[in-house]
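Here is the file my_file-v2.csv (CSV, C-alpha atoms).
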chain,number,residue,atom,x,y,z
A,1,MET,CA,34.3,45.2,79.2
A,2,LYS,CA,31.3,43.1,80.5
A,3,ILE,CA,28.9,41.3,78.2
A,4,ARG,CA,25.7,43.4,78.2
A,5,VAL,CA,22.6,41.1,78.3
A,6,LEU,CA,18.9,41.9,77.7
A,7,ILE,CA,16.4,39.4,79.1
A,8,VAL,CA,13.1,39.0,77.3
A,9,ASP,CA,10.5,36.8,79.1
A,10,ASP,CA,6.9,37.2,80.0
A,11,SER,CA,7.4,35.6,83.5
A,12,ALA,CA,8.5,38.0,86.2
A,13,LEU,CA,9.8,35.0,88.2
A,14,MET,CA,11.9,33.8,85.2
A,15,ARG,CA,13.2,37.3,84.5
A,16,GLY,CA,14.3,37.6,88.1
A,17,LEU,CA,15.9,34.2,88.1
A,18,LEU,CA,17.8,34.7,84.9
A,19,MET,CA,19.0,38.2,86.0
A,20,GLU,CA,20.4,36.8,89.3
A,21,MET,CA,22.3,34.0,87.4
A,22,ILE,CA,23.7,36.3,84.8
A,23,ASN,CA,24.7,39.1,87.2
A,24,SER,CA,26.5,36.5,89.3
A,25,ALA,CA,29.0,36.0,86.4
A,26,PRO,CA,32.0,38.4,86.7
A,27,ASP,CA,32.1,39.1,83.0
A,28,MET,CA,28.5,39.9,82.2
A,29,THR,CA,25.7,42.2,83.4
A,30,VAL,CA,22.0,42.5,82.7
A,31,VAL,CA,21.3,45.9,81.2
A,32,GLY,CA,17.5,45.4,81.0
A,33,VAL,CA,14.5,43.1,81.2
A,34,ALA,CA,11.5,43.1,79.0
A,35,PRO,CA,8.1,41.3,79.4
A,36,ASP,CA,7.3,41.2,75.7
A,37,ALA,CA,8.6,41.8,72.2
A,38,PRO,CA,7.4,45.4,71.7
A,39,THR,CA,9.1,46.5,74.9
A,40,ALA,CA,12.3,44.5,74.0
A,41,ARG,CA,12.4,46.2,70.6
A,42,GLU,CA,12.4,49.7,72.2
A,43,MET,CA,15.0,48.6,74.8
A,44,ILE,CA,17.3,47.2,72.2
A,45,LYS,CA,17.4,50.7,70.5
A,46,VAL,CA,18.2,52.4,73.7
A,47,LEU,CA,20.5,49.9,75.5
A,48,ASN,CA,22.3,48.3,72.5
A,49,PRO,CA,22.9,44.9,74.3
A,50,ASP,CA,25.5,42.4,73.2
A,51,VAL,CA,23.3,39.3,73.7
A,52,LEU,CA,19.6,38.7,74.0
A,53,THR,CA,18.0,35.9,75.9
A,54,LEU,CA,14.5,35.3,74.4
A,55,ASP,CA,11.5,33.3,75.6
A,56,VAL,CA,9.8,31.2,72.9
A,57,HIS,CA,6.2,31.8,73.9
A,58,MET,CA,5.2,35.3,74.8
A,59,PRO,CA,2.1,37.5,74.5
A,60,LYS,CA,1.6,40.2,71.9
A,61,MET,CA,4.3,38.8,69.6
A,62,ASP,CA,5.6,35.3,69.7
A,63,GLY,CA,9.4,34.7,70.1
A,64,LEU,CA,9.8,33.3,66.6
A,65,GLU,CA,8.1,36.2,64.9
A,66,PHE,CA,10.2,38.7,66.9
A,67,LEU,CA,13.4,36.7,66.2
A,68,GLU,CA,12.7,36.7,62.5
A,69,ARG,CA,12.2,40.5,62.4
A,70,LEU,CA,15.2,41.0,64.7
A,71,MET,CA,17.6,39.0,62.5
A,72,ARG,CA,16.4,40.8,59.4
A,73,LEU,CA,16.5,44.3,60.7
A,74,ARG,CA,19.0,44.3,63.6
A,75,PRO,CA,21.0,41.0,63.7
A,76,MET,CA,22.4,40.2,67.1
A,77,PRO,CA,23.4,37.1,69.2
A,78,VAL,CA,20.3,35.4,70.7
A,79,VAL,CA,20.0,32.5,73.1
A,80,MET,CA,16.5,31.0,73.2
A,81,VAL,CA,15.0,30.0,76.6
A,82,SER,CA,12.6,27.2,75.8
A,83,SER,CA,10.2,24.8,77.4
A,84,SER,CA,11.1,21.2,77.1
A,85,THR,CA,7.7,20.1,75.6
A,86,GLN,CA,7.6,18.7,72.1
A,87,ALA,CA,6.0,21.9,70.8
A,88,GLY,CA,8.7,23.9,72.6
A,89,SER,CA,11.5,21.8,71.1
A,90,GLU,CA,10.1,22.1,67.5
A,91,THR,CA,9.7,25.9,67.9
A,92,THR,CA,13.3,26.1,69.2
A,93,LEU,CA,14.6,24.2,66.2
A,94,LYS,CA,12.9,26.8,64.0
A,95,ALA,CA,14.5,29.6,66.0
A,96,LEU,CA,17.9,28.1,65.3
A,97,GLU,CA,17.1,28.0,61.6
A,98,LEU,CA,16.2,31.7,61.8
A,99,GLY,CA,19.6,32.6,63.3
A,100,ALA,CA,19.5,32.1,67.1
A,101,ILE,CA,22.9,31.0,68.3
A,102,ASP,CA,21.9,28.5,70.9
A,103,PHE,CA,19.1,27.6,73.3
A,104,ILE,CA,18.7,26.4,76.9
A,105,GLY,CA,15.6,24.9,78.6
A,106,LYS,CA,13.6,26.5,81.3
A,107,PRO,CA,15.3,25.8,84.7
A,108,ARG,CA,13.7,23.4,87.1
A,109,ALA,CA,14.3,24.2,90.7
A,110,ASP,CA,14.8,20.6,91.9
A,111,ASN,CA,17.7,21.3,94.1
A,112,PRO,CA,20.5,23.9,94.6
A,113,LYS,CA,23.0,21.7,92.6
A,114,VAL,CA,20.7,21.5,89.6
A,115,MET,CA,20.2,25.3,89.7
A,116,GLU,CA,24.0,25.9,90.0
A,117,ASN,CA,24.6,23.7,87.0
A,118,TYR,CA,21.9,25.5,85.0
A,119,ALA,CA,23.4,28.9,85.9
A,120,GLU,CA,26.8,27.7,84.7
A,121,GLU,CA,25.4,26.4,81.4
A,122,LEU,CA,23.5,29.6,80.9
A,123,VAL,CA,26.5,31.9,81.3
A,124,GLU,CA,28.6,29.7,79.1
A,125,LYS,CA,26.0,29.8,76.3
A,126,ILE,CA,25.8,33.6,76.6
A,127,ARG,CA,29.6,33.8,76.5
A,128,ALA,CA,29.7,31.7,73.4
A,129,ALA,CA,26.9,33.7,71.7
A,130,LYS,CA,28.8,36.9,72.2
A,131,GLY,CA,31.8,35.6,70.3
A,132,ALA,CA,29.7,33.6,67.7
A,133,ARG,CA,29.4,34.2,64.0
A,134,LEU,CA,25.9,35.3,63.1
A,135,ARG,CA,24.1,33.4,60.3
A,136,VAL,CA,21.8,36.1,58.9
A,137,ARG,CA,19.1,34.7,56.6
A,138,PRO,CA,16.4,37.1,55.2
A,139,MET,CA,13.6,34.5,55.2
A,140,SER,CA,10.4,34.1,57.2
A,141,ALA,CA,9.7,31.2,59.6
A,142,ALA,CA,7.3,29.8,57.0
A,143,SER,CA,10.1,29.6,54.3
A,144,PRO,CA,12.5,26.9,55.2
A,145,ALA,CA,15.6,26.3,53.2
A,146,LEU,CA,15.1,24.0,50.3
A,147,PRO,CA,17.1,20.8,50.1
A,148,GLN,CA,20.1,20.9,47.8
A,149,ALA,CA,21.1,18.2,45.4
A,150,PRO,CA,24.1,16.1,46.7
A,151,LEU,CA,27.3,17.5,45.4
A,152,VAL,CA,28.8,14.1,44.7
A,153,SER,CA,26.7,11.6,42.8
A,154,ALA,CA,26.3,8.2,44.4
A,155,LEU,CA,27.0,6.6,41.1
A,156,THR,CA,30.5,8.2,40.9
A,157,VAL,CA,31.5,7.6,44.5
A,158,ARG,CA,29.5,4.5,45.3
A,159,PRO,CA,29.6,5.3,49.0
A,160,SER,CA,27.2,2.6,50.2
A,161,ALA,CA,29.4,-0.1,48.6
A,162,SER,CA,32.5,1.0,50.5
A,163,GLY,CA,31.8,-0.7,53.8
A,164,LYS,CA,32.8,2.5,55.6
A,165,ILE,CA,30.9,4.5,58.3
A,166,ILE,CA,30.8,8.2,58.9
A,167,PHE,CA,30.9,9.6,62.4
A,168,VAL,CA,29.9,13.2,63.1
A,169,GLY,CA,30.1,15.4,66.2
A,170,ALA,CA,28.8,18.9,66.8
A,171,SER,CA,27.6,21.3,69.5
A,172,THR,CA,26.7,25.1,69.3
A,173,GLY,CA,25.5,25.9,65.8
A,174,GLY,CA,25.4,22.2,65.1
A,175,THR,CA,21.7,21.8,64.4
A,176,GLU,CA,21.9,23.9,61.3
A,177,ALA,CA,25.4,22.6,60.3
A,178,ILE,CA,24.2,19.0,60.5
A,179,LYS,CA,21.2,19.8,58.4
A,180,GLU,CA,23.4,21.5,55.8
A,181,PHE,CA,25.7,18.5,55.8
A,182,LEU,CA,22.9,16.0,55.4
A,183,LEU,CA,21.2,18.0,52.7
A,184,ARG,CA,24.3,17.2,50.5
A,185,ILE,CA,24.3,13.5,51.3
A,186,PRO,CA,22.6,11.0,48.9
A,187,ALA,CA,20.0,8.5,49.8
A,188,ASP,CA,22.3,5.5,49.4
A,189,CYS,CA,25.0,6.9,51.7
A,190,PRO,CA,27.1,4.8,54.1
A,191,PRO,CA,25.7,4.6,57.7
A,192,ILE,CA,26.2,7.9,59.5
A,193,MET,CA,26.3,8.2,63.4
A,194,ILE,CA,25.8,11.6,64.9
A,195,VAL,CA,26.2,13.2,68.3
A,196,GLN,CA,24.8,16.7,68.7
A,197,HIS,CA,24.9,18.2,72.2
A,198,MET,CA,21.2,18.5,73.0
A,199,PRO,CA,18.7,17.7,75.8
A,200,GLU,CA,16.7,14.5,75.5
A,201,SER,CA,13.4,16.3,75.0
A,202,PHE,CA,14.9,17.8,71.7
A,203,THR,CA,16.6,14.9,69.9
A,204,ALA,CA,13.4,13.2,68.7
A,205,SER,CA,12.1,16.4,67.2
A,206,PHE,CA,15.5,17.1,65.7
A,207,SER,CA,15.6,13.6,64.1
A,208,ARG,CA,12.1,14.0,62.7
A,209,ARG,CA,12.9,17.4,61.2
A,210,LEU,CA,16.1,16.1,59.5
A,211,ASP,CA,14.2,13.0,58.2
A,212,SER,CA,11.6,15.3,56.5
A,213,LEU,CA,14.3,17.3,54.8
A,214,CYS,CA,17.1,15.0,53.8
A,215,ALA,CA,17.5,12.2,51.3
A,216,PRO,CA,18.7,9.5,53.8
A,217,ARG,CA,16.5,8.1,56.5
A,218,VAL,CA,17.2,9.9,59.8
A,219,ILE,CA,16.2,8.3,63.1
A,220,GLU,CA,16.9,8.8,66.8
A,221,SER,CA,18.8,5.8,67.9
A,222,GLN,CA,17.1,3.4,70.3
A,223,GLY,CA,20.1,1.2,70.6
A,224,ASN,CA,21.0,-2.2,69.0
A,225,GLU,CA,20.1,-1.1,65.5
A,226,LYS,CA,22.1,-2.8,62.8
A,227,LEU,CA,24.0,-0.1,60.8
A,228,GLU,CA,22.5,0.1,57.3
A,229,SER,CA,23.3,2.1,54.2
A,230,GLY,CA,21.1,5.1,53.7
A,231,THR,CA,20.4,5.6,57.4
A,232,VAL,CA,21.5,8.3,59.8
A,233,TYR,CA,21.5,7.5,63.6
A,234,ILE,CA,21.2,10.5,66.0
A,235,ALA,CA,22.3,10.1,69.6
A,236,PRO,CA,19.3,10.5,72.0
A,237,GLY,CA,19.8,13.3,74.5
A,238,HIS,CA,19.8,10.9,77.5
A,239,SER,CA,22.6,8.5,76.5
A,240,HIS,CA,26.0,8.2,74.9
A,241,LEU,CA,26.0,6.6,71.5
A,242,GLN,CA,28.7,4.3,70.3
A,243,VAL,CA,29.3,1.6,67.6
A,244,LYS,CA,29.8,-2.0,68.4
A,245,ARG,CA,30.7,-5.0,66.3
A,246,THR,CA,28.5,-8.1,66.4
A,247,ALA,CA,28.5,-11.4,64.5
A,248,SER,CA,26.2,-9.9,61.9
A,249,GLY,CA,28.1,-6.6,61.4
A,250,PHE,CA,28.1,-3.2,63.2
A,251,GLU,CA,25.3,-2.0,65.5
A,252,THR,CA,24.5,1.1,67.6
A,253,GLU,CA,24.8,0.9,71.4
A,254,LEU,CA,23.5,3.3,74.0
A,255,LEU,CA,25.2,3.9,77.4
A,256,ALA,CA,23.6,5.6,80.4
A,257,THR,CA,27.1,6.1,81.9
A,258,PRO,CA,28.2,9.5,83.5
A,259,PRO,CA,28.8,12.5,81.3
A,260,VAL,CA,32.1,12.8,79.5
A,261,ASN,CA,33.5,16.4,79.1
A,262,ARG,CA,30.3,17.4,80.9
A,263,HIS,CA,28.2,16.0,78.1
A,264,ARG,CA,25.9,13.1,77.6
A,265,PRO,CA,25.8,12.3,74.8
A,266,SER,CA,29.5,12.9,74.3
A,267,VAL,CA,31.3,13.2,70.9
A,268,ASP,CA,34.4,11.6,72.4
A,269,VAL,CA,32.5,8.5,73.4
A,270,LEU,CA,31.3,8.0,69.8
A,271,PHE,CA,34.7,8.8,68.3
A,272,ASP,CA,36.5,6.5,70.7
A,273,SER,CA,34.3,3.6,69.8
A,274,ALA,CA,34.9,4.4,66.1
A,275,ALA,CA,38.7,4.3,66.6
A,276,LEU,CA,38.5,1.1,68.6
A,277,VAL,CA,35.9,-0.9,66.6
A,278,VAL,CA,35.9,0.5,63.1
A,279,GLY,CA,39.5,1.8,62.7
A,280,ARG,CA,40.5,2.6,59.1
A,281,GLN,CA,37.0,2.0,57.8
A,282,ALA,CA,35.8,5.1,59.7
A,283,VAL,CA,35.5,8.7,58.5
A,284,GLY,CA,35.3,11.3,61.3
A,285,VAL,CA,33.8,14.8,61.0
A,286,ILE,CA,33.9,17.5,63.7
A,287,LEU,CA,31.6,20.5,63.2
A,288,THR,CA,30.9,23.8,64.9
A,289,GLY,CA,30.7,23.8,68.7
A,290,MET,CA,31.8,25.2,72.0
A,291,GLY,CA,34.4,23.4,74.1
A,292,LYS,CA,36.8,20.5,73.5
A,293,ASP,CA,34.5,17.4,73.3
A,294,GLY,CA,35.5,15.2,70.3
A,295,ALA,CA,39.1,16.5,69.9
A,296,GLN,CA,40.8,13.6,71.6
A,297,GLY,CA,38.4,11.1,70.2
A,298,LEU,CA,39.0,12.4,66.6
A,299,LEU,CA,42.8,12.2,67.3
A,300,ARG,CA,42.4,8.5,68.3
A,301,MET,CA,40.4,7.9,65.1
A,302,ARG,CA,43.1,9.4,63.0
A,303,GLN,CA,45.7,7.4,64.8
A,304,SER,CA,43.7,4.2,64.1
A,305,GLY,CA,43.8,4.9,60.3
A,306,ALA,CA,40.5,6.8,59.9
A,307,ARG,CA,40.1,9.8,57.6
A,308,THR,CA,39.3,13.0,59.6
A,309,ILE,CA,37.7,16.3,58.6
A,310,GLY,CA,37.2,19.5,60.6
A,311,GLN,CA,34.9,22.4,59.8
A,312,ASP,CA,37.0,25.5,59.1
A,313,GLU,CA,36.8,28.7,61.2
A,314,ALA,CA,35.2,30.9,58.6
A,315,SER,CA,32.0,28.7,58.3
A,316,CYS,CA,31.7,27.8,62.1
A,317,VAL,CA,29.2,29.5,64.3
A,318,VAL,CA,31.6,28.8,67.2
A,319,TYR,CA,35.1,27.6,66.2
A,320,GLY,CA,35.7,25.7,69.5
A,321,MET,CA,35.6,22.0,69.0
A,322,PRO,CA,37.1,22.0,65.5
A,323,ARG,CA,39.8,24.3,66.7
A,324,GLU,CA,40.7,22.1,69.6
A,325,ALA,CA,40.8,19.0,67.3
A,326,PHE,CA,43.0,20.9,64.8
A,327,LEU,CA,45.4,22.0,67.5
A,328,VAL,CA,46.0,18.5,68.8
A,329,GLY,CA,46.6,17.1,65.3
A,330,ALA,CA,43.3,15.2,65.0
A,331,VAL,CA,42.2,17.0,61.7
A,332,GLU,CA,43.6,15.6,58.5
A,333,GLU,CA,41.9,18.3,56.4
A,334,GLN,CA,39.9,21.4,57.2
A,335,SER,CA,36.9,22.3,55.0
A,336,PRO,CA,34.1,24.9,54.7
A,337,LEU,CA,30.8,23.5,55.8
A,338,ASP,CA,29.4,23.4,52.2
A,339,ASP,CA,32.2,21.1,51.1
A,340,ILE,CA,32.4,18.7,54.0
A,341,ALA,CA,29.7,16.2,52.7
A,342,ARG,CA,31.6,15.9,49.4
A,343,ARG,CA,34.9,15.3,51.2
A,344,ALA,CA,33.4,12.8,53.6
A,345,LEU,CA,31.8,10.8,50.7
A,346,LEU,CA,35.1,10.9,48.8
A,347,ALA,CA,36.9,9.6,51.9
A,348,THR,CA,34.4,6.6,52.1
A,349,ALA,CA,35.3,5.7,48.5
A,350,ARG,CA,39.0,5.5,49.0

Using structure tokens, write down the structure from this file.
Amino acid sequence: MKIRVLIVDDSALMRGLLMEMINSAPDMTVVGVAPDAPTAREMIKVLNPDVLTLDVHMPKMDGLEFLERLMRLRPMPVVMVSSSTQAGSETTLKALELGAIDFIGKPRADNPKVMENYAEELVEKIRAAKGARLRVRPMSAASPALPQAPLVSALTVRPSASGKIIFVGASTGGTEAIKEFLLRIPADCPPIMIVQHMPESFTASFSRRLDSLCAPRVIESQGNEKLESGTVYIAPGHSHLQVKRTASGFETELLATPPVNRHRPSVDVLFDSAALVVGRQAVGVILTGMGKDGAQGLLRMRQSGARTIGQDEASCVVYGMPREAFLVGAVEEQSPLDDIARRALLATAR
């Protein structure tokens, strides 16, 4: 049975391009195209698609407003198609909060190879969306989730005094999972290094958004920062992030080397550096995501003496990366998302 896709985009050129890419995949078919939200609403009723691709900026009703109504009245898997501008990236992050499964930037027709890679990424995201677990939240775009108090008090655990470092990797569904994880982390936490699969035009907005919501300071890593308690370092979308040891302690390091597991930044690169440089002083966390990135790196972390935690299937949007890590023996303990922060902090205190 083919995956039935409805394309919603105000550009006729974009609708045609996406339709051609999606129809070229053997396991999916475009059942309709809509130039705006009102048309899409009527087509959803008639066509009952499996997955929607949704433009962020549209006439008559903007993509966010339409998504909020859709997830409240007729929840379904949505992949946002976004511009790579700062405004576009911030809107896309709000769309993920509202329940969109994933996003992809607008294609740039630089050369045939670029378009081929884009088409491959698009159909992979649609495939993942079809099998993803929907996070339905009856709230408006103007009502963001309120930060929750950390579930473990810093006084009890004394995480910042442990000398340990927490390493986190995520992909599809990870923007919200990372937010929920960090909302439960106290201000005086150990250093935390995070890789989330995301284009470079999105990681700065992502970091700023997390910094505004969470108790620790959250920054997009620029490289060569000294790791400090109370600070979270997000990998920029253009480079791998890893940890290095210097005479004065641990620092961040950025690498513009080729993609690993087709990703840059790659979770495996971060986890491998943790295994090699930090060893038993590290805590590894692998969250929701599509694919295998991070599984082998987390295994090497565990083999080096680190504590390792994987998100459980029931709380994952896509149980891909945590599943692969669990299957190779990399995960010491599986946990629902709302308990991972507590377990990670406890692991830093041992």

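All protein, DNA and RNA residues at most 7 Å from (31.6, 1.9, 59.2) are Gly163, Lys164, Ile165, Ile166, Pro191, Val278, Gln281 and Ala282 of chain A, using all atoms listed in the file.
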
> Looking at only C-alpha atoms, which of A:Ser89, A:Thr175, A:Ser212, A:Gln196 is the one that sits closest to A:Asp268?
Replying inline: A:Gln196

Write out as JSON lines a residue-level contact list of stretch 8-91 of chain A versus stretch 111-120 of chain A with cut-off 12 Å: for each qualifying residue the closest pair of atoms and the distance in Å to one decimal, counting all atoms listed in the file, rows sorted by chain and residue number upward.
{"residue": "A:Leu17", "atom": "CA", "partner": "A:Ala119", "partner_atom": "CA", "distance": 9.4}
{"residue": "A:Leu18", "atom": "CA", "partner": "A:Ala119", "partner_atom": "CA", "distance": 8.1}
{"residue": "A:Met19", "atom": "CA", "partner": "A:Ala119", "partner_atom": "CA", "distance": 10.3}
{"residue": "A:Glu20", "atom": "CA", "partner": "A:Ala119", "partner_atom": "CA", "distance": 9.1}
{"residue": "A:Met21", "atom": "CA", "partner": "A:Ala119", "partner_atom": "CA", "distance": 5.4}
{"residue": "A:Ile22", "atom": "CA", "partner": "A:Ala119", "partner_atom": "CA", "distance": 7.5}
{"residue": "A:Asn23", "atom": "CA", "partner": "A:Ala119", "partner_atom": "CA", "distance": 10.4}
{"residue": "A:Ser24", "atom": "CA", "partner": "A:Ala119", "partner_atom": "CA", "distance": 8.9}
{"residue": "A:Ala25", "atom": "CA", "partner": "A:Glu120", "partner_atom": "CA", "distance": 8.8}
{"residue": "A:Val81", "atom": "CA", "partner": "A:Tyr118", "partner_atom": "CA", "distance": 11.8}

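Using all atoms listed in the file, the shortest contact distance between A:Leu134 and any of A:Arg342, A:Arg323, A:Arg72, A:Arg264 is found at A:Arg72.
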
> Hey, can you pull every residue with an atom no more than 6 Å from (32.0, 12.2, 62.9), using all atoms listed in the file, and send it as a PyMOL selection string?
Replying inline: chain A and resi 166-169+284-286
